[in-house]
>>> print(open('run-v6.cif').read())   # mmCIF, C-alpha atoms
data_entry
loop_
_atom_site.group_PDB
_atom_site.id
_atom_site.type_symbol
_atom_site.label_atom_id
_atom_site.label_comp_id
_atom_site.auth_asym_id
_atom_site.auth_seq_id
_atom_site.Cartn_x
_atom_site.Cartn_y
_atom_site.Cartn_z
ATOM 1 C CA MET A 1 -31.921 -14.641 -8.137
ATOM 2 C CA THR A 2 -33.661 -16.676 -5.450
ATOM 3 C CA ALA A 3 -33.051 -16.636 -1.714
ATOM 4 C CA THR A 4 -31.545 -20.103 -2.072
ATOM 5 C CA SER A 5 -29.031 -18.800 -4.635
ATOM 6 C CA VAL A 6 -27.965 -15.904 -2.402
ATOM 7 C CA GLU A 7 -27.804 -18.293 0.531
ATOM 8 C CA ALA A 8 -25.546 -20.588 -1.489
ATOM 9 C CA LEU A 9 -23.206 -17.688 -2.258
ATOM 10 C CA LEU A 10 -23.104 -16.748 1.413
ATOM 11 C CA ALA A 11 -22.440 -20.339 2.451
ATOM 12 C CA ALA A 12 -19.599 -20.546 -0.060
ATOM 13 C CA GLY A 13 -18.002 -17.393 1.336
ATOM 14 C CA ARG A 14 -18.688 -15.457 -1.851
ATOM 15 C CA LEU A 15 -19.846 -12.472 0.146
ATOM 16 C CA GLN A 16 -19.163 -9.741 -2.389
ATOM 17 C CA GLU A 17 -21.263 -11.433 -5.045
ATOM 18 C CA ALA A 18 -24.041 -12.213 -2.577
ATOM 19 C CA GLU A 19 -24.140 -8.616 -1.357
ATOM 20 C CA TRP A 20 -24.221 -7.311 -4.945
ATOM 21 C CA HIS A 21 -27.396 -9.327 -5.601
ATOM 22 C CA MET A 22 -28.888 -8.332 -2.243
ATOM 23 C CA ARG A 23 -28.412 -4.659 -3.073
ATOM 24 C CA ARG A 24 -30.345 -5.196 -6.282
ATOM 25 C CA GLY A 25 -33.343 -6.629 -4.501
ATOM 26 C CA ALA A 26 -32.637 -10.337 -4.745
ATOM 27 C CA ALA A 27 -34.389 -12.478 -2.151
ATOM 28 C CA ALA A 28 -31.981 -13.290 0.677
ATOM 29 C CA PRO A 29 -32.094 -15.113 4.020
ATOM 30 C CA LEU A 30 -30.869 -11.981 5.810
ATOM 31 C CA GLY A 31 -30.725 -8.218 5.363
ATOM 32 C CA LEU A 32 -27.745 -5.930 4.893
ATOM 33 C CA GLU A 33 -27.744 -4.913 8.564
ATOM 34 C CA GLN A 34 -27.673 -8.570 9.572
ATOM 35 C CA LEU A 35 -24.842 -9.211 7.119
ATOM 36 C CA ALA A 36 -22.856 -6.365 8.703
ATOM 37 C CA GLN A 37 -23.505 -7.829 12.155
ATOM 38 C CA ARG A 38 -22.338 -11.241 10.989
ATOM 39 C CA LEU A 39 -19.134 -9.643 9.652
ATOM 40 C CA GLY A 40 -18.616 -7.728 12.891
ATOM 41 C CA THR A 41 -18.285 -4.431 11.046
ATOM 42 C CA GLY A 42 -19.418 -0.995 12.089
ATOM 43 C CA LEU A 43 -19.389 0.321 8.511
ATOM 44 C CA ASP A 44 -22.506 2.109 7.274
ATOM 45 C CA VAL A 45 -24.407 -0.327 5.048
ATOM 46 C CA HIS A 46 -26.094 2.563 3.228
ATOM 47 C CA ALA A 47 -22.849 4.252 2.156
ATOM 48 C CA PHE A 48 -21.288 1.310 0.319
ATOM 49 C CA TYR A 49 -20.630 -2.425 0.492
ATOM 50 C CA VAL A 50 -19.548 -4.017 3.769
ATOM 51 C CA SER A 51 -18.174 -7.350 2.477
ATOM 52 C CA PRO A 52 -14.342 -7.278 2.445
ATOM 53 C CA GLY A 53 -12.676 -7.039 -0.947
ATOM 54 C CA TYR A 54 -12.201 -4.738 -3.922
ATOM 55 C CA TYR A 55 -14.899 -3.027 -5.998
ATOM 56 C CA ALA A 56 -14.680 -1.028 -9.246
ATOM 57 C CA PRO A 57 -15.132 1.058 -11.239
ATOM 58 C CA LEU A 58 -16.051 4.197 -9.325
ATOM 59 C CA PRO A 59 -16.944 7.185 -11.537
ATOM 60 C CA SER A 60 -14.633 9.620 -9.732
ATOM 61 C CA TRP A 61 -12.278 9.927 -6.790
ATOM 62 C CA VAL A 62 -14.733 12.299 -5.124
ATOM 63 C CA GLU A 63 -17.457 9.675 -5.279
ATOM 64 C CA ALA A 64 -15.104 7.007 -3.971
ATOM 65 C CA GLN A 65 -14.150 9.234 -1.045
ATOM 66 C CA ARG A 66 -17.801 9.899 -0.287
ATOM 67 C CA CYS A 67 -18.483 6.169 -0.126
ATOM 68 C CA CYS A 68 -15.446 5.534 2.079
ATOM 69 C CA GLY A 69 -15.985 8.152 4.762
ATOM 70 C CA ALA A 70 -13.052 8.565 7.169
ATOM 71 C CA ALA A 71 -10.808 6.049 5.316
ATOM 72 C CA TYR A 72 -7.200 6.465 6.494
ATOM 73 C CA GLN A 73 -8.261 9.156 8.965
ATOM 74 C CA ALA A 74 -10.316 6.648 10.983
ATOM 75 C CA ALA A 75 -9.285 6.145 14.610
ATOM 76 C CA SER A 76 -9.257 2.377 14.024
ATOM 77 C CA VAL A 77 -6.297 2.797 11.645
ATOM 78 C CA VAL A 78 -4.120 4.437 14.297
ATOM 79 C CA GLU A 79 -5.170 1.845 16.882
ATOM 80 C CA ARG A 80 -4.309 -1.033 14.567
ATOM 81 C CA TYR A 81 -0.906 0.465 13.740
ATOM 82 C CA GLN A 82 -0.185 1.011 17.441
ATOM 83 C CA ARG A 83 -0.936 -2.617 18.311
ATOM 84 C CA ALA A 84 1.282 -3.866 15.489
ATOM 85 C CA ALA A 85 4.150 -1.529 16.413
ATOM 86 C CA ARG A 86 4.067 -2.499 20.087
ATOM 87 C CA GLN A 87 4.180 -6.154 19.151
ATOM 88 C CA ALA A 88 7.098 -5.524 16.765
ATOM 89 C CA ASN A 89 9.040 -3.767 19.512
ATOM 90 C CA VAL A 90 8.583 -6.766 21.796
ATOM 91 C CA GLN A 91 9.812 -9.115 19.073
ATOM 92 C CA HIS A 92 12.736 -6.869 18.022
ATOM 93 C CA ALA A 93 15.186 -8.465 20.467
ATOM 94 C CA SER A 94 14.857 -11.838 18.727
ATOM 95 C CA PRO A 95 13.830 -11.291 15.093
ATOM 96 C CA GLY A 96 12.657 -14.247 13.057
ATOM 97 C CA PRO A 97 13.640 -15.155 9.498
ATOM 98 C CA VAL A 98 13.593 -12.352 6.972
ATOM 99 C CA GLY A 99 10.243 -12.221 5.169
ATOM 100 C CA PRO A 100 9.721 -12.108 1.387
ATOM 101 C CA TYR A 101 8.719 -8.433 1.298
ATOM 102 C CA ALA A 102 11.741 -7.443 3.380
ATOM 103 C CA MET A 103 14.114 -9.636 1.363
ATOM 104 C CA ARG A 104 13.287 -7.873 -1.898
ATOM 105 C CA GLN A 105 13.369 -4.438 -0.281
ATOM 106 C CA LEU A 106 16.771 -5.214 1.272
ATOM 107 C CA ALA A 107 18.147 -6.144 -2.145
ATOM 108 C CA ALA A 108 16.866 -2.903 -3.667
ATOM 109 C CA LEU A 109 18.119 -0.760 -0.777
ATOM 110 C CA GLN A 110 21.547 -2.368 -0.940
ATOM 111 C CA HIS A 111 21.705 -1.673 -4.685
ATOM 112 C CA ALA A 112 20.947 2.002 -4.052
ATOM 113 C CA TRP A 113 23.405 2.157 -1.141
ATOM 114 C CA LEU A 114 26.209 0.739 -3.289
ATOM 115 C CA ALA A 115 25.396 3.141 -6.122
ATOM 116 C CA LEU A 116 25.528 6.047 -3.685
ATOM 117 C CA GLY A 117 29.089 5.129 -2.698
ATOM 118 C CA GLN A 118 28.290 3.186 0.496
ATOM 119 C CA PRO A 119 27.462 6.149 2.745
ATOM 120 C CA PRO A 120 27.771 5.476 6.511
ATOM 121 C CA ASN A 121 24.174 6.649 6.991
ATOM 122 C CA LEU A 122 21.427 5.786 4.515
ATOM 123 C CA ARG A 123 18.601 8.328 4.741
ATOM 124 C CA VAL A 124 15.245 6.746 3.888
ATOM 125 C CA LEU A 125 11.860 8.444 3.629
ATOM 126 C CA ASP A 126 9.224 5.753 4.114
ATOM 127 C CA PHE A 127 6.007 7.167 2.666
ATOM 128 C CA GLY A 128 2.951 5.547 4.204
ATOM 129 C CA GLY A 129 5.036 3.308 6.465
ATOM 130 C CA ALA A 130 2.514 3.129 9.333
ATOM 131 C CA LEU A 131 4.340 3.183 12.682
ATOM 132 C CA GLY A 132 7.657 1.852 11.430
ATOM 133 C CA ALA A 133 6.720 -1.631 10.193
ATOM 134 C CA HIS A 134 9.232 -1.549 7.327
ATOM 135 C CA PHE A 135 11.994 -0.226 9.574
ATOM 136 C CA GLU A 136 11.400 -3.006 12.109
ATOM 137 C CA ALA A 137 11.406 -5.643 9.355
ATOM 138 C CA LEU A 138 14.618 -4.417 7.705
ATOM 139 C CA VAL A 139 16.906 -3.042 10.417
ATOM 140 C CA PRO A 140 17.928 -6.437 11.907
ATOM 141 C CA TYR A 141 19.333 -7.407 8.509
ATOM 142 C CA TRP A 142 21.126 -4.157 7.616
ATOM 143 C CA PRO A 143 24.794 -4.420 8.724
ATOM 144 C CA TRP A 144 26.189 -1.863 6.258
ATOM 145 C CA GLY A 145 25.956 1.262 8.401
ATOM 146 C CA ALA A 146 23.096 3.168 9.992
ATOM 147 C CA LEU A 147 19.578 3.529 8.672
ATOM 148 C CA HIS A 148 18.247 7.037 9.295
ATOM 149 C CA TRP A 149 14.593 6.261 8.728
ATOM 150 C CA THR A 150 11.733 8.769 8.612
ATOM 151 C CA VAL A 151 8.162 7.563 8.200
ATOM 152 C CA CYS A 152 5.813 10.041 6.532
ATOM 153 C CA GLU A 153 2.200 9.417 7.493
ATOM 154 C CA THR A 154 -1.124 11.103 8.130
ATOM 155 C CA PRO A 155 -0.968 13.725 10.918
ATOM 156 C CA ALA A 156 -2.714 11.393 13.377
ATOM 157 C CA VAL A 157 -0.382 8.462 12.680
ATOM 158 C CA ALA A 158 2.713 10.689 12.672
ATOM 159 C CA ALA A 159 1.703 12.182 16.031
ATOM 160 C CA ALA A 160 1.241 8.689 17.486
ATOM 161 C CA GLY A 161 4.681 7.741 16.210
ATOM 162 C CA GLN A 162 6.343 10.815 17.670
ATOM 163 C CA ASP A 163 4.668 10.206 21.031
ATOM 164 C CA GLU A 164 5.636 6.554 21.421
ATOM 165 C CA PHE A 165 7.739 4.946 18.721
ATOM 166 C CA GLU A 166 10.643 7.227 17.800
ATOM 167 C CA ARG A 167 13.905 5.693 18.903
ATOM 168 C CA ASP A 168 17.656 5.444 18.462
ATOM 169 C CA LEU A 169 19.414 2.089 18.354
ATOM 170 C CA PRO A 170 23.009 1.387 19.475
ATOM 171 C CA ALA A 171 24.259 0.737 15.929
ATOM 172 C CA GLY A 172 23.258 4.256 14.912
ATOM 173 C CA HIS A 173 19.907 3.343 13.391
ATOM 174 C CA ARG A 174 17.130 5.799 14.146
ATOM 175 C CA LEU A 175 13.411 6.004 13.540
ATOM 176 C CA ARG A 176 11.517 9.272 13.196
ATOM 177 C CA PHE A 177 8.015 10.323 12.090
ATOM 178 C CA ALA A 178 6.711 13.274 10.081
ATOM 179 C CA ALA A 179 3.590 14.350 8.212
ATOM 180 C CA ASP A 180 5.201 16.433 5.429
ATOM 181 C CA ALA A 181 7.225 14.537 2.832
ATOM 182 C CA ALA A 182 8.456 17.687 1.082
ATOM 183 C CA ALA A 183 9.836 19.099 4.331
ATOM 184 C CA VAL A 184 11.680 15.858 5.079
ATOM 185 C CA LEU A 185 13.198 15.675 1.602
ATOM 186 C CA ALA A 186 14.208 19.343 1.785
ATOM 187 C CA GLY A 187 16.519 18.276 4.598
ATOM 188 C CA GLY A 188 18.106 15.606 2.422
ATOM 189 C CA GLY A 189 17.320 12.026 1.526
ATOM 190 C CA ASP A 190 18.874 9.105 -0.319
ATOM 191 C CA VAL A 191 15.953 6.745 -0.940
ATOM 192 C CA VAL A 192 12.187 7.152 -0.939
ATOM 193 C CA LEU A 193 10.289 3.966 -0.139
ATOM 194 C CA ALA A 194 6.591 3.847 -1.046
ATOM 195 C CA SER A 195 5.251 0.368 -0.423
ATOM 196 C CA CYS A 196 1.531 -0.232 -0.971
ATOM 197 C CA SER A 197 0.879 3.491 -0.565
ATOM 198 C CA LEU A 198 1.091 5.392 -3.861
ATOM 199 C CA GLN A 199 -2.179 3.891 -5.112
ATOM 200 C CA TYR A 200 -4.161 5.358 -2.203
ATOM 201 C CA LEU A 201 -3.523 8.977 -3.205
ATOM 202 C CA GLU A 202 -5.782 10.894 -5.546
ATOM 203 C CA HIS A 203 -2.999 13.065 -6.994
ATOM 204 C CA TRP A 204 -0.168 10.548 -6.942
ATOM 205 C CA PRO A 205 1.746 12.119 -9.898
ATOM 206 C CA LEU A 206 2.302 15.236 -7.783
ATOM 207 C CA LEU A 207 3.878 13.058 -5.131
ATOM 208 C CA LEU A 208 6.203 11.477 -7.685
ATOM 209 C CA ALA A 209 7.386 14.987 -8.525
ATOM 210 C CA GLN A 210 8.310 15.479 -4.850
ATOM 211 C CA PHE A 211 10.141 12.161 -4.790
ATOM 212 C CA LEU A 212 12.524 13.399 -7.501
ATOM 213 C CA ALA A 213 14.332 15.247 -4.697
ATOM 214 C CA ALA A 214 15.918 11.927 -3.682
ATOM 215 C CA PRO A 215 18.269 10.063 -6.044
ATOM 216 C CA TRP A 216 16.456 6.737 -5.606
ATOM 217 C CA LEU A 217 12.820 5.649 -5.442
ATOM 218 C CA LEU A 218 11.700 2.201 -4.290
ATOM 219 C CA LEU A 219 8.085 1.501 -5.270
ATOM 220 C CA ASP A 220 6.770 -1.773 -3.927
ATOM 221 C CA ARG A 221 3.452 -3.631 -3.978
ATOM 222 C CA VAL A 222 2.117 -1.647 -6.958
ATOM 223 C CA PRO A 223 -1.129 -3.044 -8.468
ATOM 224 C CA LEU A 224 -1.166 -3.121 -12.270
ATOM 225 C CA VAL A 225 -4.155 -4.233 -14.318
ATOM 226 C CA ASP A 226 -4.641 -5.232 -17.940
ATOM 227 C CA HIS A 227 -7.006 -2.385 -18.752
ATOM 228 C CA PRO A 228 -6.642 0.661 -21.027
ATOM 229 C CA HIS A 229 -7.210 3.112 -18.180
ATOM 230 C CA ASP A 230 -6.531 3.333 -14.464
ATOM 231 C CA LEU A 231 -9.400 2.027 -12.372
ATOM 232 C CA ILE A 232 -10.712 3.818 -9.294
ATOM 233 C CA ALA A 233 -11.598 1.113 -6.796
ATOM 234 C CA ILE A 234 -12.735 0.844 -3.201
ATOM 235 C CA GLN A 235 -11.117 -1.609 -0.829
ATOM 236 C CA VAL A 236 -13.301 -2.775 2.043
ATOM 237 C CA VAL A 237 -10.976 -3.810 4.868
ATOM 238 C CA PRO A 238 -12.136 -6.538 7.289
ATOM 239 C CA ALA A 239 -13.307 -5.633 10.777
ATOM 240 C CA SER A 240 -10.500 -7.802 12.145
ATOM 241 C CA TYR A 241 -7.948 -5.359 10.695
ATOM 242 C CA THR A 242 -9.075 -1.706 10.532
ATOM 243 C CA ASP A 243 -12.791 -1.969 9.629
ATOM 244 C CA THR A 244 -12.500 0.784 7.028
ATOM 245 C CA ARG A 245 -12.948 1.515 3.348
ATOM 246 C CA TYR A 246 -10.190 3.044 1.207
ATOM 247 C CA PRO A 247 -10.352 4.601 -2.254
ATOM 248 C CA GLY A 248 -7.474 3.544 -4.458
ATOM 249 C CA TRP A 249 -6.088 3.279 -7.953
ATOM 250 C CA THR A 250 -5.346 0.129 -9.903
ATOM 251 C CA PHE A 251 -2.929 1.347 -12.539
ATOM 252 C CA ALA A 252 -3.136 0.507 -16.244
ATOM 253 C CA ALA A 253 -0.182 -1.796 -16.894
ATOM 254 C CA GLY A 254 0.393 -0.747 -20.501
ATOM 255 C CA SER A 255 1.105 2.891 -19.671
ATOM 256 C CA TRP A 256 2.750 2.474 -16.257
ATOM 257 C CA MET A 257 6.421 2.458 -17.245
ATOM 258 C CA PRO A 258 6.054 5.325 -19.772
ATOM 259 C CA ARG A 259 4.406 7.417 -17.040
ATOM 260 C CA LEU A 260 7.286 6.746 -14.658
ATOM 261 C CA ALA A 261 9.714 7.803 -17.368
ATOM 262 C CA GLN A 262 7.685 10.943 -18.041
ATOM 263 C CA ALA A 263 7.785 11.705 -14.330
ATOM 264 C CA GLY A 264 11.589 11.664 -14.454
ATOM 265 C CA PHE A 265 12.572 8.170 -13.294
ATOM 266 C CA VAL A 266 14.830 5.543 -14.866
ATOM 267 C CA PRO A 267 13.976 1.876 -14.086
ATOM 268 C CA VAL A 268 16.813 -0.156 -12.628
ATOM 269 C CA LEU A 269 15.179 -3.169 -10.970
ATOM 270 C CA HIS A 270 11.749 -4.734 -11.393
ATOM 271 C CA TRP A 271 10.364 -7.646 -9.362
ATOM 272 C CA LEU A 272 7.085 -9.443 -8.847
ATOM 273 C CA VAL A 273 5.222 -9.629 -5.515
ATOM 274 C CA PRO A 274 3.390 -12.978 -5.546
ATOM 275 C CA GLU A 275 2.184 -12.547 -1.948
ATOM 276 C CA ASP A 276 -0.197 -9.849 -3.210
ATOM 277 C CA HIS A 277 -2.925 -11.276 -5.438
ATOM 278 C CA TRP A 278 -6.398 -9.872 -5.834
ATOM 279 C CA SER A 279 -9.670 -9.834 -7.709
ATOM 280 C CA ILE A 280 -11.978 -6.858 -8.229
ATOM 281 C CA LEU A 281 -15.759 -7.164 -8.329
ATOM 282 C CA ASP A 282 -17.289 -5.292 -11.250
ATOM 283 C CA LEU A 283 -19.997 -3.057 -9.781
ATOM 284 C CA GLU A 284 -21.862 -3.140 -13.084
ATOM 285 C CA THR A 285 -22.138 -6.918 -13.492
ATOM 286 C CA GLY A 286 -21.569 -8.349 -10.006
ATOM 287 C CA GLN A 287 -18.816 -10.597 -11.370
ATOM 288 C CA TYR A 288 -15.064 -10.645 -10.796
ATOM 289 C CA ARG A 289 -13.759 -8.921 -13.884
ATOM 290 C CA TRP A 290 -10.186 -7.905 -13.050
ATOM 291 C CA SER A 291 -7.562 -9.919 -11.201
ATOM 292 C CA ALA A 292 -3.824 -10.334 -10.795
ATOM 293 C CA ARG A 293 -1.608 -13.092 -9.464
ATOM 294 C CA HIS A 294 0.937 -10.604 -8.172
ATOM 295 C CA ASP A 295 1.761 -6.953 -7.631
ATOM 296 C CA HIS A 296 4.975 -5.268 -8.802
ATOM 297 C CA GLY A 297 8.040 -3.646 -7.283
ATOM 298 C CA PHE A 298 10.471 -1.178 -8.844
ATOM 299 C CA LEU A 299 13.773 0.453 -7.996
ATOM 300 C CA LEU A 300 14.062 3.680 -9.960
ATOM 301 C CA ARG A 301 16.755 6.319 -10.304
ATOM 302 C CA SER A 302 15.843 9.973 -10.460
ATOM 303 C CA GLN A 303 16.930 11.635 -13.685
ATOM 304 C CA HIS A 304 17.304 14.904 -11.750
ATOM 305 C CA SER A 305 19.985 13.465 -9.473
ATOM 306 C CA ALA A 306 23.686 13.443 -10.131
ATOM 307 C CA HIS A 307 23.923 10.308 -7.987
ATOM 308 C CA GLY A 308 23.055 6.769 -8.953
ATOM 309 C CA LEU A 309 24.511 3.969 -10.975
ATOM 310 C CA ALA A 310 23.549 3.644 -14.634
ATOM 311 C CA SER A 311 22.155 0.138 -14.957
ATOM 312 C CA ALA A 312 19.931 -1.903 -17.205
ATOM 313 C CA SER A 313 16.514 -2.930 -15.957
ATOM 314 C CA VAL A 314 16.597 -6.302 -14.245
ATOM 315 C CA VAL A 315 13.650 -8.611 -13.515
ATOM 316 C CA PHE A 316 13.903 -11.155 -10.711
#
>>> encode(input="run-v6.cif", output="structure tokens")
Amino acid sequence: MTATSVEALLAAGRLQEAEWHMRRGAAAPLGLEQLAQRLGTGLDVHAFYVSPGYYAPLPSWVEAQRCCGAAYQAASVVERYQRAARQANVQHASPGPVGPYAMRQLAALQHAWLALGQPPNLRVLDFGGALGAHFEALVPYWPWGALHWTVCETPAVAAAGQDEFERDLPAGHRLRFAADAAAVLAGGGDVVLASCSLQYLEHWPLLLAQFLAAPWLLLDRVPLVDHPHDLIAIQVVPASYTDTRYPGWTFAAGSWMPRLAQAGFVPVLHWLVPEDHWSILDLETGQYRWSARHDHGFLLRSQHSAHGLASASVVF
């Protein structure tokens, strides 16, 4: 590939493809360090790609972690979550229209709440919920009692939440933070929410086993791919957000529901998430090989629980 061809890719905003060719020695109008400077990123250009987007396949989770470095443990992640949470608190007094993510989650939570017999307090474990973003999005539109909401996060994020963002609202709603999901569930829970989080864990089936302690599981923003096996990918996050790299799974669609059933869950609701659409650059060819127009959401009932309403799977 000529320098003009790489330059054309850069000019068209096709940064991932351009960087793939640059890393294979193609003539280019700038070097990798200059590309990183142009992107405003502090990521190490020698460890992995710096252009935002998704890359796969990685040979192992260990290798993906090595390429990503600090990932979710990076200080920039906590700082970004803190800025977002402070802004949400300012806006809480006058919430805007309910967003599409929150609307679907509200419907699923209400279904679980009704099946549980309309308890006055709904206990929710929000796994990977940052500094309460889901709580802030949902609580203005939950008039059916109190939400007792516990976010389970990395130790650094949980500590930041405990220091600044735990609170009790007049209607009985409360927000708490913890770093140990099993300990929270040992104290009781009605619903586990894992939105855009399960895929970022190496041993996610072990976590599903922990989630069986609650009668209901709400999985949202789950990436499924038409591929015979799960893909290990790396997500490069823009400098304008957290300036990090994350290892993550893209789950094989054909085996996803059987694996949930094997884990002990019964599907009740299934929805599409059209706001989440993505393409993955194939590290072997430099072309976009896998893509999806939407992610998926699921409300599942634990087979180990005596609670819950038997219901057919519904798609909406």
>>> resolve_selection(input="run-v6.cif", expression="the PyMOL selection byres ((chain A and resi 250) around 6)", output="short mmCIF file (atom, residue, chain, number, x, y, z; two decimals) with C-alpha atoms, keeping the file's coordinate frame")
data_model
loop_
_atom_site.label_atom_id
_atom_site.label_comp_id
_atom_site.auth_asym_id
_atom_site.auth_seq_id
_atom_site.Cartn_x
_atom_site.Cartn_y
_atom_site.Cartn_z
CA PRO A 223 -1.13 -3.04 -8.47
CA LEU A 224 -1.17 -3.12 -12.27
CA ASP A 230 -6.53 3.33 -14.46
CA LEU A 231 -9.40 2.03 -12.37
CA TRP A 249 -6.09 3.28 -7.95
CA PHE A 251 -2.93 1.35 -12.54
#
>>> atom_distance(input="run-v6.cif", atom1="CA of Val151 (chain A)", atom2="CA of Arg176 (chain A)")
6.3 Å
>>> axis_aligned_box(input="run-v6.cif", around="region 225-242 of chain A", padding_each_side="3 Å", output="JSON")
{"center_x": -8.7, "center_y": -2.0, "center_z": -4.4, "size_x": 15.2, "size_y": 17.6, "size_z": 39.2}
>>> residues_around(input="run-v6.cif", residues="region 279-293 of chain A", least_positions_apart="4", cutoff="6 Å", atoms="all atoms listed in the file", output="PDB file with C-alpha atoms, keeping the file's coordinate frame")
ATOM      1  CA  GLU A  17     -21.263 -11.433  -5.045  1.00  0.00           C
ATOM      2  CA  TRP A  20     -24.221  -7.311  -4.945  1.00  0.00           C
ATOM      3  CA  TYR A  54     -12.201  -4.738  -3.922  1.00  0.00           C
ATOM      4  CA  TYR A  55     -14.899  -3.027  -5.998  1.00  0.00           C
ATOM      5  CA  ALA A  56     -14.680  -1.028  -9.246  1.00  0.00           C
TER       6      ALA A  56
END
>>> residues_around(input="run-v6.cif", residues="region 190-200 of chain A", least_positions_apart="3", cutoff="6 Å", atoms="only C-alpha atoms", output="ChimeraX atom specification")
/A:123-128,214-221,248-249
>>> write_last_selection(input="run-v6.cif", atoms="C-alpha atoms", output="tab-separated table (two decimals), in the frame of the given file")
chain	number	residue	atom	x	y	z
A	123	ARG	CA	18.60	8.33	4.74
A	124	VAL	CA	15.24	6.75	3.89
A	125	LEU	CA	11.86	8.44	3.63
A	126	ASP	CA	9.22	5.75	4.11
A	127	PHE	CA	6.01	7.17	2.67
A	128	GLY	CA	2.95	5.55	4.20
A	214	ALA	CA	15.92	11.93	-3.68
A	215	PRO	CA	18.27	10.06	-6.04
A	216	TRP	CA	16.46	6.74	-5.61
A	217	LEU	CA	12.82	5.65	-5.44
A	218	LEU	CA	11.70	2.20	-4.29
A	219	LEU	CA	8.09	1.50	-5.27
A	220	ASP	CA	6.77	-1.77	-3.93
A	221	ARG	CA	3.45	-3.63	-3.98
A	248	GLY	CA	-7.47	3.54	-4.46
A	249	TRP	CA	-6.09	3.28	-7.95
>>> atom_distance(input="run-v6.cif", atom1="CA of Val184 (chain A)", atom2="CA of Ala158 (chain A)")
12.8 Å
>>> resolve_selection(input="run-v6.cif", expression="the PyMOL selection byres ((chain A and resi 228) around 6)", output="PyMOL selection string")
chain A and resi 227+229+252
>>> resolve_selection(input="run-v6.cif", expression="the PyMOL selection byres ((chain A and resi 108) around 10)", output="ChimeraX atom specification")
/A:102-107,109-113,216-219,268-271,297-300
>>> atom_distance(input="run-v6.cif", atom1="CA of Leu15 (chain A)", atom2="CA of Pro100 (chain A)")
29.6 Å
>>> closest_residue(input="run-v6.cif", among="A:Glu202, A:Asp243, A:Asp226, A:Glu164", to="Arg83 (chain A)", atoms="only C-alpha atoms")
A:Glu164
>>> closest_residue(input="run-v6.cif", among="A:Glu7, A:Asp168, A:Thr244, A:Val98", to="Ala27 (chain A)", atoms="only C-alpha atoms")
A:Glu7
>>> closest_residue(input="run-v6.cif", among="A:Leu212, A:Val266, A:Leu272, A:Ile234", to="Ala71 (chain A)", atoms="only C-alpha atoms")
A:Ile234
>>> build_atoms(input="run-v6.cif", residues="region 106-115 of chain A", atoms="N, CA, C and O atoms", output="PDB file, keeping the file's coordinate frame")
ATOM      1  N   LEU A 106      15.357  -5.253   0.891  1.00  0.00           N
ATOM      2  CA  LEU A 106      16.771  -5.214   1.272  1.00  0.00           C
ATOM      3  C   LEU A 106      17.669  -5.228   0.038  1.00  0.00           C
ATOM      4  O   LEU A 106      18.654  -4.474  -0.032  1.00  0.00           O
ATOM      5  N   ALA A 107      17.337  -6.078  -0.929  1.00  0.00           N
ATOM      6  CA  ALA A 107      18.147  -6.144  -2.145  1.00  0.00           C
ATOM      7  C   ALA A 107      18.142  -4.813  -2.883  1.00  0.00           C
ATOM      8  O   ALA A 107      19.184  -4.340  -3.360  1.00  0.00           O
ATOM      9  N   ALA A 108      16.962  -4.187  -2.968  1.00  0.00           N
ATOM     10  CA  ALA A 108      16.866  -2.903  -3.667  1.00  0.00           C
ATOM     11  C   ALA A 108      17.591  -1.804  -2.903  1.00  0.00           C
ATOM     12  O   ALA A 108      18.305  -0.974  -3.494  1.00  0.00           O
ATOM     13  N   LEU A 109      17.430  -1.777  -1.583  1.00  0.00           N
ATOM     14  CA  LEU A 109      18.119  -0.760  -0.777  1.00  0.00           C
ATOM     15  C   LEU A 109      19.628  -0.925  -0.861  1.00  0.00           C
ATOM     16  O   LEU A 109      20.372   0.069  -0.932  1.00  0.00           O
ATOM     17  N   GLN A 110      20.105  -2.156  -0.842  1.00  0.00           N
ATOM     18  CA  GLN A 110      21.547  -2.368  -0.940  1.00  0.00           C
ATOM     19  C   GLN A 110      22.073  -1.904  -2.297  1.00  0.00           C
ATOM     20  O   GLN A 110      23.168  -1.324  -2.388  1.00  0.00           O
ATOM     21  N   HIS A 111      21.296  -2.149  -3.358  1.00  0.00           N
ATOM     22  CA  HIS A 111      21.705  -1.673  -4.685  1.00  0.00           C
ATOM     23  C   HIS A 111      21.855  -0.148  -4.673  1.00  0.00           C
ATOM     24  O   HIS A 111      22.854   0.386  -5.171  1.00  0.00           O
ATOM     25  N   ALA A 112      20.877   0.537  -4.107  1.00  0.00           N
ATOM     26  CA  ALA A 112      20.947   2.002  -4.052  1.00  0.00           C
ATOM     27  C   ALA A 112      22.112   2.449  -3.184  1.00  0.00           C
ATOM     28  O   ALA A 112      22.835   3.405  -3.530  1.00  0.00           O
ATOM     29  N   TRP A 113      22.318   1.793  -2.054  1.00  0.00           N
ATOM     30  CA  TRP A 113      23.405   2.157  -1.141  1.00  0.00           C
ATOM     31  C   TRP A 113      24.768   2.015  -1.822  1.00  0.00           C
ATOM     32  O   TRP A 113      25.639   2.886  -1.699  1.00  0.00           O
ATOM     33  N   LEU A 114      24.960   0.923  -2.561  1.00  0.00           N
ATOM     34  CA  LEU A 114      26.209   0.739  -3.289  1.00  0.00           C
ATOM     35  C   LEU A 114      26.388   1.812  -4.353  1.00  0.00           C
ATOM     36  O   LEU A 114      27.487   2.365  -4.532  1.00  0.00           O
ATOM     37  N   ALA A 115      25.316   2.124  -5.075  1.00  0.00           N
ATOM     38  CA  ALA A 115      25.396   3.141  -6.122  1.00  0.00           C
ATOM     39  C   ALA A 115      25.705   4.514  -5.563  1.00  0.00           C
ATOM     40  O   ALA A 115      26.339   5.346  -6.226  1.00  0.00           O
TER      41      ALA A 115
END
